[in-house]
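Chemist: Pasting in a structure now, in structure tokens, and then I'll have a few things to ask.
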Amino acid sequence: MDEDIRTIYVAGGCFWGIEHLMKALPGVVDTACGYANGTGAADAQYAIVCTGTTGFRETVRVRYDTTRTSIDAILYALFQVIEVDAVNRQGADVGTQYQAGIYWLPGDRMAEAAVQRICGIERSRNEGFAVEAKPLENYFEAEEYHQDYLDKNPDGYCHVPRATIAELSTLAFDENYYRV
């Protein structure tokens with residue numbers, strides 16, 4: 001049912017690996033690589049985003065089925081593969097477009113509350129926490145060659161270890177992990 005499908009936007013370095021991870025998670029029904037919270041449609045192009053002048057983050061739109069997974073499980077997977085204290089980088093990827101972040105649709109109070117709760121817990125566990133958490137300002141899908149990149153290029157670059165993706169895709173998430 002459509003009312004069971006929710007959307008969250010996650011950034012954690014190069015979007016190829018984050019998309020590959022999100023697609024592997026049970027209950028995720030759709031993903032897309034894109035650019036979030038930047039200057040506007042005219043600048044939402046990889047070559048321009050890479051200049052570091054647009055404010056865009058390489059971001060993955062994640063649509064998930066709430067009858068099969070939760071925002072907690074999705075964000076748990078994200079937090080397992082990002083450096084929470086990194087500013088404008090993840091792994092070998094350096095630049096403002098690689099800042100880690102979590103973005104929700106404006107007005108989605110359930111998502112906002114969940115993200116704030118989870119980020120609060122992660123912040124208490126990680127000194128120097130630098131993950132952005134705010135409403136989505138804008139989002140533009142990236143060029144087609146970025147979509148499903150690691151499916152099209154299995155030996156392509158990925159800052160997220162493939163073994164970690166495999167492990168997280170079969171992990172039975174403990175819903176109490178983010179309960180306070």
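We name chains A, B, ... following the order of the structure tokens; residues begin at 1 in each chain, and ligands are numbered from 1 as shown.
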So which residues touch Thr31 of chain A within 8 Å, counting only C-alpha atoms, skipping near sequence neighbours fewer than 3 positions away, as a ChimeraX atom specification?

Modeler: /A:19,22-23,28,60-63

Chemist: Need to verify the contact set: Thr67 of chain A, 9 Å, only C-alpha atoms, exclusion of same-chain residues closer than 4 positions in sequence. Can you return it as a ChimeraX atom specification?

Modeler: /A:4-5,27

Chemist: Keeping only N, CA, C and O atoms, take the residues you just selected and write them out as a compact mmCIF listing (two decimals), in the first residue's frame.

Modeler:
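Output file result-v5.txt is given in full below:
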# COMPACT_ATOMS: atom_id res chain seq x y z
N ASP A 4 2.14 2.97 3.18
CA ASP A 4 3.22 2.30 3.90
C ASP A 4 4.60 2.66 3.36
O ASP A 4 5.61 2.26 3.93
N ILE A 5 4.66 3.39 2.25
CA ILE A 5 5.94 3.77 1.64
C ILE A 5 6.31 5.17 2.13
O ILE A 5 5.55 6.11 1.98
N GLY A 27 13.31 -4.23 2.78
CA GLY A 27 12.27 -3.22 2.93
C GLY A 27 12.48 -1.96 2.12
O GLY A 27 11.56 -1.15 1.98

Chemist: If we count only C-alpha atoms, what is near segment 119-131 of chain A at a cut-off of 6 Å, once residues fewer than 5 positions away on the same chain are taken out, given as a list in words?

Modeler: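 My reading of the contact set: Val84, Asp85, Ala100 and Gly101 of chain A.
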
Chemist: Quick one: distance from atom CA of Glu58 of chain A to atom CA of Tyr35 of chain A in Å, one decimal?

Modeler: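 Between atom CA of Glu58 of chain A and atom CA of Tyr35 of chain A the gap works out to 5.0 Å.
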
Chemist: Would you return as a compact mmCIF listing (two decimals) with C-alpha atoms, in the first residue's frame the members of segment 22-106 of chain A that DSSP assigns to strand (DSSP E) on this structure's backbone?

Modeler:
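In the end it all went to states_31.txt:
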# COMPACT_ATOMS: atom_id res chain seq x y z
CA VAL A 28 13.92 -0.59 0.72
CA VAL A 29 11.79 -0.43 -2.42
CA ASP A 30 13.52 2.28 -4.45
CA THR A 31 16.66 4.44 -4.45
CA ALA A 32 18.05 7.24 -6.57
CA CYS A 33 21.33 9.14 -6.50
CA GLY A 34 20.99 12.88 -6.51
CA TYR A 35 22.05 16.26 -5.22
CA ALA A 36 20.39 17.76 -2.13
CA ARG A 57 25.49 16.99 -1.00
CA GLU A 58 25.69 13.73 -2.92
CA THR A 59 22.53 12.19 -1.51
CA VAL A 60 20.48 9.03 -1.97
CA ARG A 61 16.69 9.18 -1.95
CA VAL A 62 15.50 6.06 -0.11
CA ARG A 63 11.92 4.87 -0.35
CA TYR A 64 11.10 2.13 2.11
CA ASP A 65 8.14 0.00 3.14
CA ARG A 89 34.73 14.18 3.49
CA GLN A 90 34.15 10.45 3.83
CA ASP A 93 36.37 11.40 -0.89
CA VAL A 94 37.05 15.05 -0.02
CA GLY A 101 23.69 14.11 6.28
CA ILE A 102 20.13 12.96 6.79
CA TYR A 103 17.27 14.95 5.31
CA TRP A 104 13.52 14.58 5.63

Chemist: When you count only C-alpha atoms, which of these residues is closest to Ala44 of chain A: A:Ile165, A:Leu150, A:Leu105, A:Ala142?

Modeler: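 Answer, going by the shortest atom-to-atom distance: A:Ala142.
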
Chemist: Find the distance between atom CA of Asp151 of chain A and atom CA of Pro26 of chain A and write it in Å to one decimal.

Modeler: 17.3 Å

Chemist: Just how far from atom CA of Thr66 of chain A is atom CA of Arg179 of chain A, in Å to one decimal?

Modeler: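 Going from atom CA of Arg179 of chain A over to atom CA of Thr66 of chain A, I get 17.7 Å.
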
Chemist: What residues in segment 31-146 of chain A get the DSSP label helix (DSSP H, G or I)? Please answer as number ranges by chain.

Modeler: A: 41-43, 46-49, 71-81, 96-98, 109-125, 144-146

Chemist: My list of candidates is A:Leu78, A:Pro135, A:Tyr98, A:Asp155. Which is closest to Leu21 of chain A when distances are computed with only C-alpha atoms?

Modeler: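 Smallest separation from Leu21 of chain A among the options: A:Leu78.
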
Chemist: Do you know which residues are at most 9 Å from Ile118 of chain A counting only C-alpha atoms, after dropping those on the same chain fewer than 6 positions away, and could you put them as a list in words?

Modeler: Asp72, Leu75, Tyr76, Tyr178 and Arg179 of chain A

Chemist: Which residue out of A:Asn37, A:Asn88, A:Ala166, A:Ala114 has the minimum interatomic distance to Gly13 of chain A when only C-alpha atoms are used?

Modeler: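 Residue with the minimum atom-to-atom distance to Gly13 of chain A: A:Asn88.
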
Chemist: Would you mind telling me which residue in A:His159, A:Tyr46, A:His20, A:Glu175 lies nearest to Gly91 of chain A when using only C-alpha atoms?

Modeler: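 Of all the options, A:His159 lies closest to Gly91 of chain A.
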